[in-house]
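Have a look at the structure below before the remarks.
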Amino acid sequence: MKEIKVPELAESITEGTIAEWLVKKGDQVEKGDPILELETDKVNVEVNADASGVLAEIIKEAGDDVEVGDVIAKVDENGQAGGASEEEESQEEESQEEEKVKEKSAEKAEEKQTDKKEEKEEKSSSSQKESKGEVIATPAARKRARELGIDLSDISAKDPLGRIRPEDVESAAKGSQKEEKKEAPKQEKKESKQEKVEFDKPVERIKMSRRRQTIAKRLVEAQQSSAMLTTFNEVDMTNVMKLRSERKESFQKKHDVKLGFMSFFTKAAVGALKEFPLINAEIQGNEIIQKKFYDIGMAVSTDEGLVVPVVRDADRLDFAGIEKGIMDVAQKARNKELSLDDLQGGSFTITNGGIFGSMLSTPILNSPQVGILGLHNIEKRAKVMPDDTIQARPMMYIALSYDHRIVDGKEAVQFLRRIKEMIEDPYDLLLEG
């Protein structure tokens with residue numbers, strides 16, 4: 001038998017959840033064939049067979065959590081598909097039936113022995129009580145007490161001589177029934193309260209996916225392990241919108257991709273990061289790792305949760321390159337085609353809640369990064385112009401969440417202010433880009 005183990009996936013991934021078995025017990029598999037899909041905290045990966053043969057045993061079922069190195073199945077390299085497994089199953093069924101028969105006979109023997117012991121104990125206890133004179137009762141009372149399951153020693157006799165009669169047994173039985181009735185509602189109330197501790201109306205319990213569990217864990221860790229703070233500003237989007245409307249058709253014809261707002265903000269973020277390098281850093285122990293590259297993470301919402309694929313070397317890309325990079329990773333994310341390389345090594349993140357209508361938010365850091373830029377929806381608001389006139393202008397609130405351990409408020413405010421200046425003067429941004 002050849003054991004199939006969870007292989008090394010990536011440096012940062014040590015565990016996962018079996019999402020689905022692609023083969024079943026008794027199937028013929030070839031070395032290198034995918035046999036199951038493993039859901040990790042970042043992507044779903046396929047695990048391949050280490051050897052050719054028949055899948056003789058599945059040790060870990062779908063939904064089980066596994067770690068790298070765990071044995072998940074066994075392959076019989078000399079087996080034949082279907083035949084061996086059917087014989088094994090029939091043998092297992094026969095052995096199970098034999099075990100059941102043996103268990104039943106053993107249970108019957110035990111019951112007989114316990115019945116005999118109980119009868120002996122009852123006889124000995126009754127004879128002892130009578131010999132000691134502890135309980136005096138008529139034969140009819142003893143018989144009735146046995147029928148009702150009442151201990152004669154618990155009954156007080158009304159007879160002046162202390163002899164227990166059948167009517168004493170009956171009255172004792174009625175008294176115990178009343179007590180049971182009183183206690184029963186209390187117990188029922190307690191049980192009902194326990195059942196309705198959380199909810200008193202219908203609910204549905206859904207197990208969190210591995211990815212959702214990891215997202216929840218990482219977000220909590222980011223808040224607990226960093227001194228996170230958020231600063232805000234607002235941007236007048238008039239000039240960007242004007243430039244975009246002027247160039248979008250020629251841009252799409254030339255580059256076969258639409259000109260969106262994200263490329264402008266990505267270019268502006270890279271320019272601001274060059275001026276304020278600590279926002280493009282991370283903390284490792286007592287050291288600050290200041291990154292000299294600009295791999296920008298783009299938060300993408302999927303059915304399974306938020307993922308942050310990375311656009312590599314954004315500082316070396318033009319507007320068309322950035323737009324193509326964003327479109328590529330977003331499409332991969334929604335089609336569940338992201339690889340581990342697509343998700344690792346970002347230096348700064350941009351998240352755009354404006355596409356869902358968000359007016360303002362405080363984005364959570366994508367650890368171990370120390371900065372994340374949040375974009376929001378564009379709305380016309382009254383703005384006082386330099387000549388003191390009031391105009392309705394398309395405005396956007398932008399937010400920067402940062403780790404206050406290495407980024408001071410002054411740098412964070414100036415960083416956001418620099419992005420505002422570049423977006424409000426996009427022609428200069430184009431020239432610099």
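Residue names in the structure tokens use chain letters A, B, ... in the order shown, residue numbers from 1 in each chain, and ligand numbers from 1 in the order shown.
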Might you pull out every residue within 7 Å of Leu55 of chain A, with only C-alpha atoms counted and same-chain residues fewer than 2 positions away left off, and present them as number ranges by chain? A: 25-29, 53, 57, 74-76
Pull C-alpha atoms from the residues just selected and write them as a PDB file, in the first residue's frame.
ATOM      1  CA  LYS A  25     -12.771   4.261  -3.243  1.00  0.00           C
ATOM      2  CA  GLY A  26     -12.028   1.477  -5.721  1.00  0.00           C
ATOM      3  CA  ASP A  27     -11.238   3.817  -8.649  1.00  0.00           C
ATOM      4  CA  GLN A  28      -8.121   3.351 -10.737  1.00  0.00           C
ATOM      5  CA  VAL A  29      -5.740   6.327 -10.414  1.00  0.00           C
ATOM      6  CA  GLY A  53      -3.043   1.813  -8.653  1.00  0.00           C
ATOM      7  CA  GLU A  57      -8.825   3.532   1.370  1.00  0.00           C
ATOM      8  CA  LYS A  74      -3.929   4.718   0.481  1.00  0.00           C
ATOM      9  CA  VAL A  75      -3.321   3.353  -3.005  1.00  0.00           C
ATOM     10  CA  ASP A  76      -2.973  -0.371  -3.745  1.00  0.00           C
TER      11      ASP A  76
END
For His255 of chain A, work out the shell of residues within 9 Å, counting only C-alpha atoms and skipping chain neighbours fewer than 2 positions away, then give it as JSON, numbers by chain. {"A": [250, 251, 252, 253, 257, 258, 320, 321, 324]}
How would the residues just chosen look if you wrote them out with N, CA and C atoms as a PDB file, in the first residue's frame?
ATOM      1  N   SER A 250     -10.183  56.419 -27.305  1.00  0.00           N
ATOM      2  CA  SER A 250      -8.899  56.197 -27.973  1.00  0.00           C
ATOM      3  C   SER A 250      -8.023  55.251 -27.148  1.00  0.00           C
ATOM      4  N   PHE A 251      -8.138  55.359 -25.831  1.00  0.00           N
ATOM      5  CA  PHE A 251      -7.363  54.487 -24.943  1.00  0.00           C
ATOM      6  C   PHE A 251      -7.776  53.028 -25.135  1.00  0.00           C
ATOM      7  N   GLN A 252      -9.075  52.773 -25.223  1.00  0.00           N
ATOM      8  CA  GLN A 252      -9.559  51.404 -25.376  1.00  0.00           C
ATOM      9  C   GLN A 252      -9.206  50.848 -26.749  1.00  0.00           C
ATOM     10  N   LYS A 253      -9.274  51.668 -27.779  1.00  0.00           N
ATOM     11  CA  LYS A 253      -8.914  51.206 -29.118  1.00  0.00           C
ATOM     12  C   LYS A 253      -7.432  50.836 -29.202  1.00  0.00           C
ATOM     13  N   VAL A 257      -8.327  47.826 -23.516  1.00  0.00           N
ATOM     14  CA  VAL A 257      -8.734  47.786 -22.114  1.00  0.00           C
ATOM     15  C   VAL A 257      -9.322  49.149 -21.760  1.00  0.00           C
ATOM     16  N   LYS A 258     -10.302  49.154 -20.835  1.00  0.00           N
ATOM     17  CA  LYS A 258     -10.939  50.415 -20.454  1.00  0.00           C
ATOM     18  C   LYS A 258     -10.043  51.217 -19.517  1.00  0.00           C
ATOM     19  N   ALA A 320      -2.064  51.656 -19.078  1.00  0.00           N
ATOM     20  CA  ALA A 320      -2.635  50.481 -19.734  1.00  0.00           C
ATOM     21  C   ALA A 320      -2.165  49.205 -19.036  1.00  0.00           C
ATOM     22  N   GLY A 321      -0.897  49.165 -18.648  1.00  0.00           N
ATOM     23  CA  GLY A 321      -0.372  47.991 -17.955  1.00  0.00           C
ATOM     24  C   GLY A 321      -1.050  47.765 -16.614  1.00  0.00           C
ATOM     25  N   LYS A 324      -4.653  46.519 -17.257  1.00  0.00           N
ATOM     26  CA  LYS A 324      -4.641  45.107 -17.659  1.00  0.00           C
ATOM     27  C   LYS A 324      -4.318  44.205 -16.475  1.00  0.00           C
TER      28      LYS A 324
END
Excluding Leu219 of chain A and residues on its chain fewer than 6 positions from it, collect all residues at most 12 Å away from it, counting only C-alpha atoms, and give them as a list in words. Arg212, Gln213, Ser225, Ser226, Met228, Leu306, Pro363, Ile364, Leu365, Asn366, Ser367 and Pro368 of chain A
Which of these, A:Asp168, A:Arg393, A:Val71, A:Val310, has the shortest distance to Lys242 of chain A once you count only C-alpha atoms?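 Counting only C-alpha atoms, the residue closest to Lys242 of chain A is A:Arg393.
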Please provide the set of residues having any atom within 12 Å of Ala140 of chain A, restricted to only C-alpha atoms, with same-chain residues fewer than 6 positions apart removed, written as a PyMOL selection string. chain A and resi 146-147+163-170
For a quick check of understanding, using only C-alpha atoms, which of A:Ile289, A:Leu429, A:Ala51, A:Ile4 has the smallest distance to Asp318 of chain A?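 Using only C-alpha atoms, the shortest distance to Asp318 of chain A belongs to A:Leu429.
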Please provide the set of residues having any atom within 12 Å of Pro277 of chain A, restricted to only C-alpha atoms, with same-chain residues fewer than 2 positions apart removed, written as a PDB file with N, CA and C atoms, in the first residue's frame.
ATOM      1  N   ALA A 269      -0.675  56.506  -5.754  1.00  0.00           N
ATOM      2  CA  ALA A 269      -0.207  55.820  -4.544  1.00  0.00           C
ATOM      3  C   ALA A 269       1.279  55.497  -4.647  1.00  0.00           C
ATOM      4  N   VAL A 270       1.711  55.033  -5.822  1.00  0.00           N
ATOM      5  CA  VAL A 270       3.124  54.719  -6.008  1.00  0.00           C
ATOM      6  C   VAL A 270       3.970  55.984  -5.852  1.00  0.00           C
ATOM      7  N   GLY A 271       3.518  57.096  -6.447  1.00  0.00           N
ATOM      8  CA  GLY A 271       4.250  58.349  -6.320  1.00  0.00           C
ATOM      9  C   GLY A 271       4.343  58.804  -4.875  1.00  0.00           C
ATOM     10  N   ALA A 272       3.239  58.670  -4.120  1.00  0.00           N
ATOM     11  CA  ALA A 272       3.233  59.078  -2.710  1.00  0.00           C
ATOM     12  C   ALA A 272       4.089  58.146  -1.862  1.00  0.00           C
ATOM     13  N   LEU A 273       4.098  56.853  -2.176  1.00  0.00           N
ATOM     14  CA  LEU A 273       4.913  55.892  -1.426  1.00  0.00           C
ATOM     15  C   LEU A 273       6.404  56.198  -1.594  1.00  0.00           C
ATOM     16  N   LYS A 274       6.795  56.675  -2.775  1.00  0.00           N
ATOM     17  CA  LYS A 274       8.204  57.031  -2.991  1.00  0.00           C
ATOM     18  C   LYS A 274       8.604  58.221  -2.115  1.00  0.00           C
ATOM     19  N   GLU A 275       7.651  59.106  -1.867  1.00  0.00           N
ATOM     20  CA  GLU A 275       7.938  60.265  -1.030  1.00  0.00           C
ATOM     21  C   GLU A 275       7.865  59.931   0.458  1.00  0.00           C
ATOM     22  N   ILE A 279       5.523  54.072   4.696  1.00  0.00           N
ATOM     23  CA  ILE A 279       4.181  53.512   4.463  1.00  0.00           C
ATOM     24  C   ILE A 279       4.274  52.303   3.535  1.00  0.00           C
ATOM     25  N   ASN A 280       5.447  52.130   2.907  1.00  0.00           N
ATOM     26  CA  ASN A 280       5.690  50.971   2.042  1.00  0.00           C
ATOM     27  C   ASN A 280       6.605  49.970   2.753  1.00  0.00           C
ATOM     28  N   ALA A 281       6.435  49.842   4.066  1.00  0.00           N
ATOM     29  CA  ALA A 281       7.323  49.002   4.868  1.00  0.00           C
ATOM     30  C   ALA A 281       6.514  47.987   5.662  1.00  0.00           C
ATOM     31  N   GLU A 282       7.216  47.200   6.486  1.00  0.00           N
ATOM     32  CA  GLU A 282       6.571  46.307   7.439  1.00  0.00           C
ATOM     33  C   GLU A 282       7.503  46.106   8.622  1.00  0.00           C
ATOM     34  N   ILE A 288      12.535  47.379  11.005  1.00  0.00           N
ATOM     35  CA  ILE A 288      11.628  47.899   9.972  1.00  0.00           C
ATOM     36  C   ILE A 288      12.172  47.472   8.620  1.00  0.00           C
ATOM     37  N   ILE A 289      11.368  46.746   7.863  1.00  0.00           N
ATOM     38  CA  ILE A 289      11.760  46.311   6.516  1.00  0.00           C
ATOM     39  C   ILE A 289      11.188  47.317   5.528  1.00  0.00           C
ATOM     40  N   GLN A 290      12.061  48.170   5.020  1.00  0.00           N
ATOM     41  CA  GLN A 290      11.632  49.201   4.080  1.00  0.00           C
ATOM     42  C   GLN A 290      11.756  48.661   2.657  1.00  0.00           C
ATOM     43  N   LYS A 291      10.625  48.510   1.975  1.00  0.00           N
ATOM     44  CA  LYS A 291      10.603  47.845   0.666  1.00  0.00           C
ATOM     45  C   LYS A 291      10.938  48.825  -0.454  1.00  0.00           C
ATOM     46  N   LYS A 292      11.762  48.355  -1.365  1.00  0.00           N
ATOM     47  CA  LYS A 292      12.186  49.164  -2.503  1.00  0.00           C
ATOM     48  C   LYS A 292      11.447  48.763  -3.778  1.00  0.00           C
ATOM     49  N   PHE A 293      10.363  48.030  -3.603  1.00  0.00           N
ATOM     50  CA  PHE A 293       9.533  47.635  -4.746  1.00  0.00           C
ATOM     51  C   PHE A 293       8.090  48.068  -4.452  1.00  0.00           C
ATOM     52  N   TYR A 294       7.253  48.054  -5.498  1.00  0.00           N
ATOM     53  CA  TYR A 294       5.889  48.568  -5.369  1.00  0.00           C
ATOM     54  C   TYR A 294       4.917  47.563  -5.977  1.00  0.00           C
ATOM     55  N   SER A 347       3.108  45.016  -1.079  1.00  0.00           N
ATOM     56  CA  SER A 347       3.725  46.000  -0.185  1.00  0.00           C
ATOM     57  C   SER A 347       2.739  47.059   0.294  1.00  0.00           C
ATOM     58  N   PHE A 348       1.646  47.263  -0.435  1.00  0.00           N
ATOM     59  CA  PHE A 348       0.632  48.268  -0.091  1.00  0.00           C
ATOM     60  C   PHE A 348      -0.667  47.827  -0.754  1.00  0.00           C
ATOM     61  N   VAL A 370       1.676  48.043   6.378  1.00  0.00           N
ATOM     62  CA  VAL A 370       1.381  49.083   7.374  1.00  0.00           C
ATOM     63  C   VAL A 370       0.526  50.205   6.798  1.00  0.00           C
ATOM     64  N   GLY A 371       0.026  50.025   5.578  1.00  0.00           N
ATOM     65  CA  GLY A 371      -0.830  51.042   4.987  1.00  0.00           C
ATOM     66  C   GLY A 371      -1.822  50.465   4.012  1.00  0.00           C
ATOM     67  N   ILE A 406       5.024  52.714  13.314  1.00  0.00           N
ATOM     68  CA  ILE A 406       6.153  53.241  12.527  1.00  0.00           C
ATOM     69  C   ILE A 406       5.751  54.421  11.648  1.00  0.00           C
ATOM     70  N   VAL A 407       4.455  54.649  11.469  1.00  0.00           N
ATOM     71  CA  VAL A 407       4.000  55.774  10.659  1.00  0.00           C
ATOM     72  C   VAL A 407       3.376  56.814  11.575  1.00  0.00           C
ATOM     73  N   GLU A 411       3.126  62.080   8.659  1.00  0.00           N
ATOM     74  CA  GLU A 411       3.419  61.405   7.392  1.00  0.00           C
ATOM     75  C   GLU A 411       2.156  60.888   6.730  1.00  0.00           C
ATOM     76  N   ALA A 412       1.238  60.326   7.551  1.00  0.00           N
ATOM     77  CA  ALA A 412      -0.004  59.774   7.002  1.00  0.00           C
ATOM     78  C   ALA A 412      -0.848  60.865   6.361  1.00  0.00           C
ATOM     79  N   PHE A 415       0.872  62.076   3.171  1.00  0.00           N
ATOM     80  CA  PHE A 415       0.732  61.047   2.134  1.00  0.00           C
ATOM     81  C   PHE A 415      -0.623  61.182   1.443  1.00  0.00           C
TER      82      PHE A 415
END
Could you pull out the residues in segment 183-410 of chain A that DSSP calls strand (DSSP E or B) from the backbone, as a PyMOL selection string? chain A and resi 228-236+281-284+287-290+296-298+300-302+305-307+310-311+348-352+369+371-384+390-403
Convert the current residue selection to file output with C-alpha atoms, as a PDB file, in the first residue's frame.
ATOM      1  CA  MET A 228      -4.137  51.068  13.589  1.00  0.00           C
ATOM      2  CA  LEU A 229      -5.358  54.589  12.915  1.00  0.00           C
ATOM      3  CA  THR A 230      -7.216  56.151   9.960  1.00  0.00           C
ATOM      4  CA  THR A 231      -6.966  59.608   8.441  1.00  0.00           C
ATOM      5  CA  PHE A 232      -9.331  61.079   5.821  1.00  0.00           C
ATOM      6  CA  ASN A 233      -9.398  63.612   3.019  1.00  0.00           C
ATOM      7  CA  GLU A 234     -11.606  64.439   0.045  1.00  0.00           C
ATOM      8  CA  VAL A 235     -10.698  64.654  -3.612  1.00  0.00           C
ATOM      9  CA  ASP A 236     -12.253  66.732  -6.362  1.00  0.00           C
ATOM     10  CA  ALA A 281       7.323  49.002   4.868  1.00  0.00           C
ATOM     11  CA  GLU A 282       6.571  46.307   7.439  1.00  0.00           C
ATOM     12  CA  ILE A 283       7.718  45.372  10.941  1.00  0.00           C
ATOM     13  CA  GLN A 284       9.650  42.161  11.677  1.00  0.00           C
ATOM     14  CA  GLU A 287      13.362  45.806  12.626  1.00  0.00           C
ATOM     15  CA  ILE A 288      11.628  47.899   9.972  1.00  0.00           C
ATOM     16  CA  ILE A 289      11.760  46.311   6.516  1.00  0.00           C
ATOM     17  CA  GLN A 290      11.632  49.201   4.080  1.00  0.00           C
ATOM     18  CA  ILE A 296       0.201  46.862  -5.046  1.00  0.00           C
ATOM     19  CA  GLY A 297      -2.556  44.617  -3.682  1.00  0.00           C
ATOM     20  CA  MET A 298      -6.033  45.128  -5.141  1.00  0.00           C
ATOM     21  CA  VAL A 300     -11.399  41.993  -4.881  1.00  0.00           C
ATOM     22  CA  SER A 301     -14.745  40.790  -3.563  1.00  0.00           C
ATOM     23  CA  THR A 302     -15.725  37.211  -4.461  1.00  0.00           C
ATOM     24  CA  GLY A 305     -14.907  36.389   0.568  1.00  0.00           C
ATOM     25  CA  LEU A 306     -12.392  39.166   0.025  1.00  0.00           C
ATOM     26  CA  VAL A 307      -9.072  38.331  -1.621  1.00  0.00           C
ATOM     27  CA  VAL A 310      -1.146  41.679  -6.310  1.00  0.00           C
ATOM     28  CA  VAL A 311      -0.228  43.785  -9.348  1.00  0.00           C
ATOM     29  CA  PHE A 348       0.632  48.268  -0.091  1.00  0.00           C
ATOM     30  CA  THR A 349      -3.093  47.713  -0.688  1.00  0.00           C
ATOM     31  CA  ILE A 350      -5.913  49.678  -2.326  1.00  0.00           C
ATOM     32  CA  THR A 351      -9.563  48.833  -1.635  1.00  0.00           C
ATOM     33  CA  ASN A 352     -12.458  50.441  -3.490  1.00  0.00           C
ATOM     34  CA  GLN A 369       1.598  45.786   5.482  1.00  0.00           C
ATOM     35  CA  GLY A 371      -0.830  51.042   4.987  1.00  0.00           C
ATOM     36  CA  ILE A 372      -4.057  50.636   3.027  1.00  0.00           C
ATOM     37  CA  LEU A 373      -5.844  53.219   0.877  1.00  0.00           C
ATOM     38  CA  GLY A 374      -9.651  53.209   0.853  1.00  0.00           C
ATOM     39  CA  LEU A 375     -11.636  54.718  -2.031  1.00  0.00           C
ATOM     40  CA  HIS A 376     -15.335  55.570  -1.912  1.00  0.00           C
ATOM     41  CA  ASN A 377     -18.186  56.577  -4.175  1.00  0.00           C
ATOM     42  CA  ILE A 378     -18.266  59.841  -6.122  1.00  0.00           C
ATOM     43  CA  GLU A 379     -21.057  62.267  -5.265  1.00  0.00           C
ATOM     44  CA  LYS A 380     -21.708  65.864  -6.232  1.00  0.00           C
ATOM     45  CA  ARG A 381     -21.255  68.169  -3.263  1.00  0.00           C
ATOM     46  CA  ALA A 382     -21.050  71.909  -2.820  1.00  0.00           C
ATOM     47  CA  LYS A 383     -17.465  73.168  -2.870  1.00  0.00           C
ATOM     48  CA  VAL A 384     -16.152  76.661  -2.250  1.00  0.00           C
ATOM     49  CA  ILE A 390     -19.815  77.717  -4.753  1.00  0.00           C
ATOM     50  CA  GLN A 391     -20.002  74.944  -7.304  1.00  0.00           C
ATOM     51  CA  ALA A 392     -21.380  71.403  -7.377  1.00  0.00           C
ATOM     52  CA  ARG A 393     -18.346  69.206  -7.900  1.00  0.00           C
ATOM     53  CA  PRO A 394     -17.906  65.401  -8.058  1.00  0.00           C
ATOM     54  CA  MET A 395     -16.197  64.633  -4.750  1.00  0.00           C
ATOM     55  CA  MET A 396     -14.736  61.451  -3.271  1.00  0.00           C
ATOM     56  CA  TYR A 397     -13.710  60.730   0.306  1.00  0.00           C
ATOM     57  CA  ILE A 398     -10.433  58.831   0.580  1.00  0.00           C
ATOM     58  CA  ALA A 399      -9.071  57.132   3.703  1.00  0.00           C
ATOM     59  CA  LEU A 400      -5.657  55.890   4.755  1.00  0.00           C
ATOM     60  CA  SER A 401      -5.413  53.327   7.554  1.00  0.00           C
ATOM     61  CA  TYR A 402      -1.863  52.998   8.862  1.00  0.00           C
ATOM     62  CA  ASP A 403       0.174  51.354  11.600  1.00  0.00           C
TER      63      ASP A 403
END
